[in-house]
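Enquirer: Structure provided below as structure tokens; questions to follow.
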Amino acid sequence: MTPSLTSRSVPFRIVLKAEREVAFESPDHLMPWGTKRDNSSNRQFNYKLYNLYPKSEELRILDLGCSGGGFVKSCLDDGCLAVGLEGSDFSRRYGRAEWRNIPEYLFTCDVTGHFELFLEKDGQTKPLQFEVVTSWEMIEHIAEADLATLAANVKKHLAPEGIWVMSVSPNEEFIHGVRLHQTVQSKPWWLRKFADLGLEHSEAHVRYFHTQFVRGPKYGAPGSFHLVLTRDQSRLPPIPRESVLRRLYDLWLGSLPQRILCGTY
């Protein structure tokens, strides 16, 4: 990986052009909950991404629903080009978590409206595409009627060999009487929906990550499941071979026995 982007002067600028700067009608903006609390990251997920794209000199990652920006910051520290989009402006207004540290990489944006990301460098402006798009406990917050626009936005920004990795909660969530989860469905329903929207799922790539995601049953999202989507499965990066010890290590990290032993349960 290249040296950390956050530790040197960066000779470019990321530009966002969005139909709506904030998701003003979203329950998550009207009654902030996760957007003012969450700041998740998992270095083991990053490690697996880098093994999946070993030839990428500067892996490009887009995090939708980035909340406090913790995952984006961890990727920047590793030398990736990472951008976070958040529907609510709560964290930006209060300078919460990483918004005070990496404001040039975090933006507010209603992802259910059209948006485009560009890179300005050497006097030229070029559209940005990403090898990896992530959505951690975000997709269920989107109303079903808005999923087609969101998927089109992702496909526009997804590199041909790119993946869209997400954790999905199949559970209702009411906070102070406000229903935060707008589309609560099972994994088979989501697979059919995304297939209709031109995105294929790779269960083999879910198995490759082997429980090591930024959010999931081990990491603050009980009952959730994961999807790895792509525009064309034939362009997916091959799955690296891993040792049995590495797989056992994945199972151990974040497990109940490990949390009890470390006093984090």
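Each chain of the structure tokens is named A, B, ... in the order shown, its residues numbered from 1; ligands are numbered from 1 in display order.
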Mind checking DSSP for stretch 180-253 of chain A and telling me the strand (DSSP E) residues as JSON, numbers by chain?

Expert: {"A": [200, 201, 225, 226, 227, 228, 229, 230]}

Enquirer: Leaving out stretch 16-31 of chain A and any residue of its chain fewer than 4 positions from it, which residues lie within 6 Å of it when counting only C-alpha atoms, given as number ranges by chain?

Expert: A: 87-88, 108-110, 113-117, 180

Enquirer: Take the residues from that selection and put them in a file with C-alpha atoms, as a PDB file, in the first residue's frame.

Expert:
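Produced file selection-v4.pdb, reproduced below:
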```
ATOM      1  CA  GLY A  87     -27.337  11.050   4.860  1.00  0.00           C
ATOM      2  CA  SER A  88     -27.636  13.030   8.087  1.00  0.00           C
ATOM      3  CA  THR A 108     -23.289  14.560   3.519  1.00  0.00           C
ATOM      4  CA  CYS A 109     -25.493  13.339   0.708  1.00  0.00           C
ATOM      5  CA  ASP A 110     -28.920  11.792   0.171  1.00  0.00           C
ATOM      6  CA  GLY A 113     -31.066  11.071  -5.096  1.00  0.00           C
ATOM      7  CA  HIS A 114     -28.603  11.251  -7.959  1.00  0.00           C
ATOM      8  CA  PHE A 115     -25.014  11.991  -6.988  1.00  0.00           C
ATOM      9  CA  GLU A 116     -21.592  11.894  -8.608  1.00  0.00           C
ATOM     10  CA  LEU A 117     -18.075  11.908  -7.191  1.00  0.00           C
ATOM     11  CA  LEU A 180     -35.814   3.633  11.432  1.00  0.00           C
TER      12      LEU A 180
END
```

Enquirer: Separation of atom CA of A:Arg43 and atom CA of A:Asp78, in Å?

Expert: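 Straight-line distance from atom CA of A:Arg43 to atom CA of A:Asp78 works out to 9.6 Å.
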
Enquirer: To one decimal place, how far is atom CA of A:Pro160 from atom CA of A:Pro103 in Å?

Expert: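 Interatomic distance here is 28.3 Å.
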
Enquirer: Just the number, please: distance in Å from atom CA of A:Gln212 to atom CA of A:Thr149, one decimal.

Expert: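 We find that atom CA of A:Gln212 and atom CA of A:Thr149 lie 28.8 Å from each other.
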
Enquirer: Within 12 Å of A:His201, counting only C-alpha atoms, which residues qualify if same-chain residues fewer than 6 places away don't, as a list in words?

Expert: Ile163, Trp164, Val165, Met166, Lys187, Pro188, Trp190, Leu191, Arg192, Lys193, Phe194, Ala195, Arg207, His226, Leu227, Val228, Leu229, Thr230, Arg231, Asp232, Gln233, Ser234 and Leu236 of chain A

Enquirer: Could you save the residues just selected, with C-alpha atoms, as a compact mmCIF listing (two decimals), in the first residue's frame?

Expert:
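Output below, filename again03.txt:
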```
# COMPACT_ATOMS: atom_id res chain seq x y z
CA ILE A 163 -17.77 -5.26 -5.17
CA TRP A 164 -20.52 -3.77 -3.04
CA VAL A 165 -20.22 -5.27 0.45
CA MET A 166 -22.99 -4.77 2.98
CA LYS A 187 -31.91 -12.47 2.62
CA PRO A 188 -33.72 -14.26 -0.27
CA TRP A 190 -32.81 -8.91 -1.01
CA LEU A 191 -31.09 -11.29 -3.42
CA ARG A 192 -34.10 -11.18 -5.77
CA LYS A 193 -34.37 -7.41 -5.47
CA PHE A 194 -30.72 -6.82 -6.31
CA ALA A 195 -30.84 -9.33 -9.18
CA ARG A 207 -17.37 -16.99 2.91
CA HIS A 226 -23.92 -10.07 4.56
CA LEU A 227 -24.05 -9.63 0.80
CA VAL A 228 -21.23 -9.16 -1.70
CA LEU A 229 -22.67 -7.75 -4.93
CA THR A 230 -21.14 -7.07 -8.32
CA ARG A 231 -22.18 -5.94 -11.77
CA ASP A 232 -20.52 -8.96 -13.42
CA GLN A 233 -19.40 -12.06 -11.53
CA SER A 234 -16.95 -12.96 -14.29
CA LEU A 236 -14.73 -10.55 -9.67
```
